[in-house]
Amino acid sequence: MVGAGDVDHLDPALAYHTVTRGIVRAYTRQLVGYPAGRDREAAGRIVADLATEVPSAANGRVTARGTRYTFTLRDGVCWNTPSGARPVTAQDVVRGIKRLAHPLAPSPGLPYFLSTIDGMAEFRDALAGAPRTPEAIAERMEHTDVRGMRAVGMTEVVFTIRHPATDFLNMLALPFATPAPAEYLPHVPGSPELNDTLMSNGPYEVTRHVRGRRITLGRNPAWAPETDGLRAAHVDGVDIRQGVSEEDAYELVASGAADMLWDVQPLTARLPELLRTGDPRLEVCPAGLLSPYLVISVVSPNEGNATGDRKVRQALQYAVDKAAVSLVWGGPRLNDIADQILPPLCTAHREFRPYRTEGGRGDPERAGRLLAEAGYPEGLTLRLVFRDADIHPETAETVKVALARAGIRVKTVPASINEFFDDYLSSSSAAREGAWDIALTGWEPDWYGNNARTYLQPLFGSRGVADNGDWGSNFGRYRNEKVDDLLDAALTSESQKRAAEFFRRLEEEVMRDAAVVPILFAHQYWFHSTRVHNWLPYPVLNGDLTNLWLGDAPSGA
């Protein structure tokens with residue numbers, strides 16, 4: 001594999017970037033997981049992984065009105081410790097989730113478990129009260145129980161959740177829920193020391209990581225194929241070379257000198273020919289990505305806090321030319337116009353397009369009228385921040401041109417990926433001081449199917465967040481008590497159908513408020529050499545490395 005950048009973290013407690021999740025599948029396992037495949041409906045189906053079966057009311061392993069889940073670990077699943085294979089235990093499962101609350105490196109997946117597992121919030125607070133040393137935190141972590149997580153013997157784990165949650169199993173399928181051996185305890189999650197201690201319970205292990213240059217995966221001798229119904233592990237290893245430009249990476253794969261792109265996609269200019277010829281090396285799959293969309297900072301003081309005015313935000317809905325952005329992103333075969341937040345692949349989706357325009361081209365005249373009603377008859381000037389690589393600069397320029405039609409002048413603010421998130425979107429001071437007003441970004445759900453939570457909770461939830469606190473992925477600092485109430489109702493519903501009703505009402509409220517501007521539902525697409533066979537999509541990843549194989553026949557033969 002060849003590409004430009006590196007993983008965010010090898011530690012599954014912190015790993016969140018799409019490409020990282022692609023290799024985490026190879027060296028970690030969870031209680032439950034998803035099968036790889038081209039059937040997008042089946043892609044959201046939970047199956048057993050480390051566990052012997054998926055708990056359900058029918059098999060008696062979901063009880064207490066849907067709040068208690070019991071899992072039994074299957075035999076033969078082992079860690080590859082330096083001294084040899086050692087079984088994965090129920091204590092390892094509990095420890096893996098406890099690590100998410102480490103106060104020196106909290107996991108981005110922690111909110112899922114805080115809101116569900118009974119006693120997890122108290123456990124987090126107990127860790128936060130420990131002396132700020134890895135040793136003291138490790139001691140408290142190992143000897144403080146979580147009320148809703150219990151290891152029974154070596155092979156049984158019982159979870160008690162605070163209220164029914166129709167997507168709790170989906171959370172347990174995330175890499176964040178990877179078990180952790182006792183050897184991880186002394187180390188801060190994501191630290192170099194942890195990376196040096198990294199162990200595998202999957203078919204591969206990380207054998208080398210040179211930051212920004214190379215990652216290699218080799219076979220894990222402790223992995224027993226008969227214990228794993230999700231991963232076949234056909235190839236002997238994976239070698240990822242980084243620091244390669246997008247153009248050079250494409251040429252290496254196209255020529256067969258490399259097998260697959262790592263963290264880049266074919267340049268937009270290459271796509272028309274690949275699509276026209278139906279080139280089997282290009283894989284295209286609907287994926288439910290809300291990408292790109294326009295985040296609106298409701299707290300920016302610029303132009304008299306213009307973006308805090310709903311009419312101004314509604315004007316932005318009509319000002320964007322989504323069809324023009326679609327062309328930048330490869331055209332209709334690679335994306336769909338988005339006029340709402342939940343895509344068709346979400347089970348809670350219902351078509352709801354309150355700001356729909358003909359062909360997605362926008363309505364600048366209507367946008368101008370809304371600006372005038374808001375007190376800006378001569379228009380206004382907004383600061384647009386965007387990533388400075390790949391197709392993002394061209395996207396920003398396309399949005400700038402479209403907004404100008406409605407009298408919205410744009411000052412563009414390019415930023416590297418780290419600056420974009422750390423210095424702008426995640427910074428409360430940057431938002432409140434007017435460093436940006438609108439931002440181009442994207443959102444990828446953490447799982448498929450029953451996944452409305454993964455869009456609506458992180459992007460729009462604000463319950464308990466202080467104005468200058470950690471807003472997570474609610475980058476626009478959007479606060480709406482009705483939205484929070486609907487979110488609570490959805491997340492505590494006993495049935496998926498009832499939860500979906502609340503999620504749809506929440507989506508309607510957010511769009512009525514025009515909190516963000518949806519632009520496209522982008523499809524996943526990836527490029528590989530003719531040697532690659534059985535490339536299969538996997539939820540929120542770029543393909544499942546553990547099920548493909550290499551051969552001399554043309555791809556698809």
# chains A, B, ... in the order shown; residues from 1 in each chain; ligands from 1
call {"tool": "select_by_dssp", "arguments": {"residues": "segment 90-319 of chain A", "states": "helix (DSSP H, G or I)", "output": "ChimeraX atom specification"}}
result
/A:90-101,110-114,120-128,134-143,168-172,175-177,182-184,192-197,225-227,246-255,268-276,302-308,310-319
call {"tool": "select_by_dssp", "arguments": {"residues": "segment 144-296 of chain A", "states": "strand (DSSP E)", "output": "number ranges by chain"}}
result
A: 149-152, 156-160, 204-210, 214-219, 237-241, 282-296
call {"tool": "residues_around", "arguments": {"residues": "segment 343-352 of chain A", "least_positions_apart": "6", "cutoff": "10 Å", "atoms": "only C-alpha atoms", "output": "VMD selection string"}}
result
chain A and resid 40 to 41 44 286 to 290 336 445 447 to 453 455 496 to 504 507 to 508 511 520 to 522
call {"tool": "write_last_selection", "arguments": {"atoms": "N, CA and C atoms", "output": "short mmCIF file (atom, residue, chain, number, x, y, z; two decimals), in the first residue's frame"}}
result
data_model
loop_
_atom_site.label_atom_id
_atom_site.label_comp_id
_atom_site.auth_asym_id
_atom_site.auth_seq_id
_atom_site.Cartn_x
_atom_site.Cartn_y
_atom_site.Cartn_z
N ARG A 40 -25.02 -3.86 1.27
CA ARG A 40 -24.94 -2.78 2.25
C ARG A 40 -25.92 -2.97 3.40
N GLU A 41 -27.00 -3.71 3.14
CA GLU A 41 -27.93 -3.97 4.23
C GLU A 41 -27.30 -4.94 5.23
N GLY A 44 -24.50 -3.84 8.02
CA GLY A 44 -24.82 -3.35 9.35
C GLY A 44 -25.29 -4.45 10.30
N PRO A 286 -21.77 2.89 -2.31
CA PRO A 286 -22.50 3.85 -1.47
C PRO A 286 -22.11 3.64 -0.01
N ALA A 287 -21.88 4.73 0.70
CA ALA A 287 -21.35 4.56 2.05
C ALA A 287 -22.04 5.41 3.11
N GLY A 288 -22.90 6.33 2.72
CA GLY A 288 -23.56 7.14 3.73
C GLY A 288 -22.67 8.19 4.35
N LEU A 289 -21.66 8.64 3.61
CA LEU A 289 -20.78 9.67 4.14
C LEU A 289 -21.42 11.04 3.93
N LEU A 290 -21.60 11.82 4.98
CA LEU A 290 -22.06 13.20 4.86
C LEU A 290 -20.82 14.03 4.57
N ASP A 336 -24.20 11.80 -4.15
CA ASP A 336 -25.58 12.25 -4.31
C ASP A 336 -25.75 13.59 -3.61
N PRO A 445 -20.05 7.84 9.51
CA PRO A 445 -20.66 7.18 10.66
C PRO A 445 -19.75 6.08 11.20
N TRP A 447 -20.73 3.21 12.29
CA TRP A 447 -21.21 1.91 11.82
C TRP A 447 -22.35 2.16 10.84
N TYR A 448 -22.76 1.11 10.14
CA TYR A 448 -23.84 1.20 9.16
C TYR A 448 -25.17 0.78 9.78
N GLY A 449 -26.24 0.96 9.01
CA GLY A 449 -27.55 0.46 9.43
C GLY A 449 -28.19 1.32 10.49
N ASN A 450 -28.32 0.78 11.69
CA ASN A 450 -28.97 1.48 12.81
C ASN A 450 -27.99 2.50 13.40
N ASN A 451 -27.74 3.56 12.67
CA ASN A 451 -26.62 4.44 13.03
C ASN A 451 -26.99 5.92 13.13
N ALA A 452 -28.26 6.24 13.32
CA ALA A 452 -28.64 7.66 13.41
C ALA A 452 -27.91 8.35 14.55
N ARG A 453 -27.68 7.63 15.65
CA ARG A 453 -26.94 8.20 16.78
C ARG A 453 -25.59 8.74 16.32
N TYR A 455 -24.55 10.11 13.73
CA TYR A 455 -24.58 11.43 13.09
C TYR A 455 -25.07 12.49 14.07
N GLN A 496 -36.19 -0.03 18.16
CA GLN A 496 -35.51 0.70 17.09
C GLN A 496 -36.49 1.59 16.34
N LYS A 497 -37.71 1.10 16.16
CA LYS A 497 -38.73 1.88 15.44
C LYS A 497 -39.05 3.18 16.17
N ARG A 498 -39.23 3.08 17.49
CA ARG A 498 -39.54 4.28 18.28
C ARG A 498 -38.35 5.23 18.30
N ALA A 499 -37.14 4.69 18.43
CA ALA A 499 -35.95 5.54 18.40
C ALA A 499 -35.86 6.29 17.08
N ALA A 500 -36.16 5.61 15.98
CA ALA A 500 -36.09 6.25 14.66
C ALA A 500 -37.05 7.43 14.55
N GLU A 501 -38.21 7.31 15.17
CA GLU A 501 -39.18 8.42 15.14
C GLU A 501 -38.60 9.66 15.82
N PHE A 502 -37.96 9.46 16.97
CA PHE A 502 -37.36 10.59 17.67
C PHE A 502 -36.17 11.15 16.89
N PHE A 503 -35.37 10.27 16.29
CA PHE A 503 -34.23 10.74 15.50
C PHE A 503 -34.69 11.60 14.32
N ARG A 504 -35.78 11.20 13.68
CA ARG A 504 -36.28 11.98 12.54
C ARG A 504 -36.79 13.35 12.99
N GLU A 507 -33.77 15.46 13.56
CA GLU A 507 -33.20 15.92 12.29
C GLU A 507 -34.00 17.10 11.74
N GLU A 508 -35.31 17.01 11.82
CA GLU A 508 -36.16 18.11 11.34
C GLU A 508 -35.89 19.39 12.11
N MET A 511 -32.48 20.87 11.05
CA MET A 511 -32.53 21.49 9.73
C MET A 511 -33.41 22.74 9.74
N LEU A 520 -23.22 16.95 0.14
CA LEU A 520 -23.21 15.70 -0.61
C LEU A 520 -23.25 14.50 0.32
N PHE A 521 -23.82 13.40 -0.17
CA PHE A 521 -23.60 12.08 0.40
C PHE A 521 -22.58 11.42 -0.53
N ALA A 522 -21.34 11.38 -0.10
CA ALA A 522 -20.28 10.85 -0.96
C ALA A 522 -20.23 9.33 -0.86
#
call {"tool": "closest_residue", "arguments": {"among": "A:Pro103, A:Gly229, A:Gly469, A:Pro181", "to": "Arg74 of chain A", "atoms": "only C-alpha atoms"}}
result
A:Gly229
call {"tool": "residues_around", "arguments": {"residues": "Tyr250 of chain A", "least_positions_apart": "2", "cutoff": "10 Å", "atoms": "only C-alpha atoms", "output": "list in words"}}
result
Val2, Gly3, Val244, Ser245, Glu246, Glu247, Asp248, Leu252, Val253, Ala254, Ser255, Gly256, Ala258, Met260, Leu261, Val264, Gln265, Pro266, Leu267, Arg270, Phe527, His528 and Ser529 of chain A
call {"tool": "atom_distance", "arguments": {"atom1": "atom CA of Trp79 of chain A", "atom2": "atom CA of Asn220 of chain A"}}
result
8.9 Å
call {"tool": "atom_distance", "arguments": {"atom1": "atom CA of Leu274 of chain A", "atom2": "atom CA of Leu440 of chain A"}}
result
26.9 Å
call {"tool": "atom_distance", "arguments": {"atom1": "atom CA of Thr81 of chain A", "atom2": "atom CA of Leu198 of chain A"}}
result
9.2 Å
call {"tool": "residues_around", "arguments": {"residues": "Trp535 of chain A", "least_positions_apart": "5", "cutoff": "10 Å", "atoms": "only C-alpha atoms", "output": "list in words"}}
result
Ala36, Gly37, Arg38, Arg281, Glu283, Trp526, His528, Asn542, Gly543, Asp544, Leu545, Thr546, Asn547, Leu548, Trp549, Ser555 and Gly556 of chain A
call {"tool": "closest_atom_pairs", "arguments": {"of": "segment 509-532 of chain A", "to": "segment 471-494 of chain A", "cutoff": "10 Å", "atoms": "only C-alpha atoms", "output": "Markdown table"}}
result
| residue | atom | partner | partner_atom | distance |
| --- | --- | --- | --- | --- |
| A:Glu509 | CA | A:Val483 | CA | 6.8 |
| A:Val510 | CA | A:Val483 | CA | 7.2 |
| A:Asp513 | CA | A:Asn480 | CA | 9.1 |
| A:Ala515 | CA | A:Tyr478 | CA | 6.8 |
| A:Val516 | CA | A:Gly476 | CA | 8.2 |
call {"tool": "write_last_selection", "arguments": {"atoms": "N, CA and C atoms", "output": "tab-separated table (two decimals), in the first residue's frame"}}
result
chain	number	residue	atom	x	y	z
A	509	GLU	N	-35.71	19.29	13.42
A	509	GLU	CA	-35.45	20.47	14.24
A	509	GLU	C	-34.09	21.09	13.89
A	510	VAL	N	-33.08	20.25	13.72
A	510	VAL	CA	-31.74	20.75	13.36
A	510	VAL	C	-31.77	21.45	12.01
A	513	ASP	N	-33.45	24.76	12.10
A	513	ASP	CA	-32.51	25.72	12.65
A	513	ASP	C	-31.35	26.01	11.69
A	515	ALA	N	-28.58	24.37	11.22
A	515	ALA	CA	-27.34	24.31	12.00
A	515	ALA	C	-26.13	23.99	11.13
A	516	VAL	N	-26.32	23.21	10.07
A	516	VAL	CA	-25.25	22.90	9.11
A	516	VAL	C	-25.86	22.95	7.72
call {"tool": "closest_residue", "arguments": {"among": "A:Arg356, A:Arg29, A:His9, A:Arg21", "to": "Ile519 of chain A", "atoms": "only C-alpha atoms"}}
result
A:Arg356
call {"tool": "residues_around", "arguments": {"residues": "Thr441 of chain A", "least_positions_apart": "4", "cutoff": "8 Å", "atoms": "only C-alpha atoms", "output": "NGL selection string"}}
result
:A and (291-295 or 386)
call {"tool": "residues_around", "arguments": {"residues": "Gly129 of chain A", "least_positions_apart": "6", "cutoff": "10 Å", "atoms": "only C-alpha atoms", "output": "ChimeraX atom specification"}}
result
/A:103,123,137,140
call {"tool": "write_last_selection", "arguments": {"atoms": "N, CA, C and O atoms", "output": "PDB file, in the first residue's frame"}}
result
ATOM      1  N   PRO A 103      -7.567   9.542  32.055  1.00  0.00           N
ATOM      2  CA  PRO A 103      -7.619  11.014  32.062  1.00  0.00           C
ATOM      3  C   PRO A 103      -6.488  11.696  31.301  1.00  0.00           C
ATOM      4  O   PRO A 103      -6.621  12.848  30.915  1.00  0.00           O
ATOM      5  N   PHE A 123     -16.911   6.017  37.201  1.00  0.00           N
ATOM      6  CA  PHE A 123     -15.563   5.466  37.042  1.00  0.00           C
ATOM      7  C   PHE A 123     -14.636   6.501  36.404  1.00  0.00           C
ATOM      8  O   PHE A 123     -13.497   6.689  36.851  1.00  0.00           O
ATOM      9  N   ILE A 137      -2.736   6.207  38.068  1.00  0.00           N
ATOM     10  CA  ILE A 137      -3.946   5.979  37.282  1.00  0.00           C
ATOM     11  C   ILE A 137      -4.125   4.495  37.006  1.00  0.00           C
ATOM     12  O   ILE A 137      -5.242   3.955  37.099  1.00  0.00           O
ATOM     13  N   ARG A 140      -5.474   2.765  40.137  1.00  0.00           N
ATOM     14  CA  ARG A 140      -6.900   3.022  40.362  1.00  0.00           C
ATOM     15  C   ARG A 140      -7.754   2.346  39.294  1.00  0.00           C
ATOM     16  O   ARG A 140      -8.838   1.824  39.598  1.00  0.00           O
TER      17      ARG A 140
END
call {"tool": "closest_atom_pairs", "arguments": {"of": "segment 13-106 of chain A", "to": "segment 157-180 of chain A", "cutoff": "10 Å", "atoms": "only C-alpha atoms", "output": "tab-separated table"}}
result
residue	atom	partner	partner_atom	distance
A:Ala13	CA	A:Phe176	CA	4.7
A:Leu14	CA	A:Phe176	CA	7.0
A:Ala15	CA	A:Phe176	CA	7.6
A:Tyr16	CA	A:Pro175	CA	8.6
A:Arg21	CA	A:Pro175	CA	7.5
A:Val24	CA	A:Pro175	CA	7.1
A:Arg25	CA	A:Pro175	CA	7.7
A:Thr28	CA	A:Thr178	CA	6.5
A:Arg29	CA	A:Thr178	CA	6.1
A:Gln30	CA	A:Thr178	CA	5.1
A:Leu31	CA	A:Leu172	CA	6.7
A:Val32	CA	A:Ala173	CA	5.1
A:Gly33	CA	A:Ala173	CA	4.7
A:Tyr34	CA	A:Ala173	CA	7.5
A:Gly44	CA	A:Asn170	CA	8.6
A:Arg45	CA	A:Asn170	CA	9.0
A:Ile46	CA	A:Asn170	CA	7.1
A:Val47	CA	A:Ala173	CA	9.1
A:Ala48	CA	A:Ala173	CA	9.4
A:Asp49	CA	A:Ala173	CA	8.9
A:Leu50	CA	A:Pro179	CA	9.8
A:Ala51	CA	A:Val157	CA	9.6
A:Val54	CA	A:Leu169	CA	8.5
A:Pro55	CA	A:Leu169	CA	8.7
A:Arg61	CA	A:Val158	CA	9.3
A:Val62	CA	A:Phe159	CA	9.6
A:Thr63	CA	A:Thr160	CA	9.5
A:Ala64	CA	A:Thr160	CA	8.9
A:Arg65	CA	A:Pro164	CA	7.2
A:Gly66	CA	A:Pro164	CA	5.3
A:Thr67	CA	A:Ile161	CA	5.0
A:Arg68	CA	A:Thr160	CA	4.5
A:Tyr69	CA	A:Phe159	CA	5.1
A:Thr70	CA	A:Val158	CA	4.5
A:Phe71	CA	A:Val157	CA	5.2
A:Thr72	CA	A:Val157	CA	6.5
A:Leu73	CA	A:Val157	CA	8.1
A:Trp79	CA	A:Ala180	CA	9.5
A:Val88	CA	A:Pro179	CA	7.7
A:Thr89	CA	A:Pro179	CA	8.3
A:Ala90	CA	A:Val157	CA	5.6
A:Gln91	CA	A:Val157	CA	8.1
A:Asp92	CA	A:Pro179	CA	4.9
A:Val93	CA	A:Pro179	CA	4.1
A:Val94	CA	A:Pro179	CA	7.0
A:Arg95	CA	A:Ala180	CA	5.7
A:Gly96	CA	A:Pro179	CA	4.2
A:Ile97	CA	A:Ala177	CA	5.6
A:Lys98	CA	A:Ala180	CA	9.2
A:Arg99	CA	A:Ala180	CA	8.1
A:Leu100	CA	A:Phe176	CA	7.4
call {"tool": "closest_residue", "arguments": {"among": "A:Gly243, A:Glu53, A:Ala374, A:Leu334", "to": "Leu275 of chain A", "atoms": "only C-alpha atoms"}}
result
A:Leu334
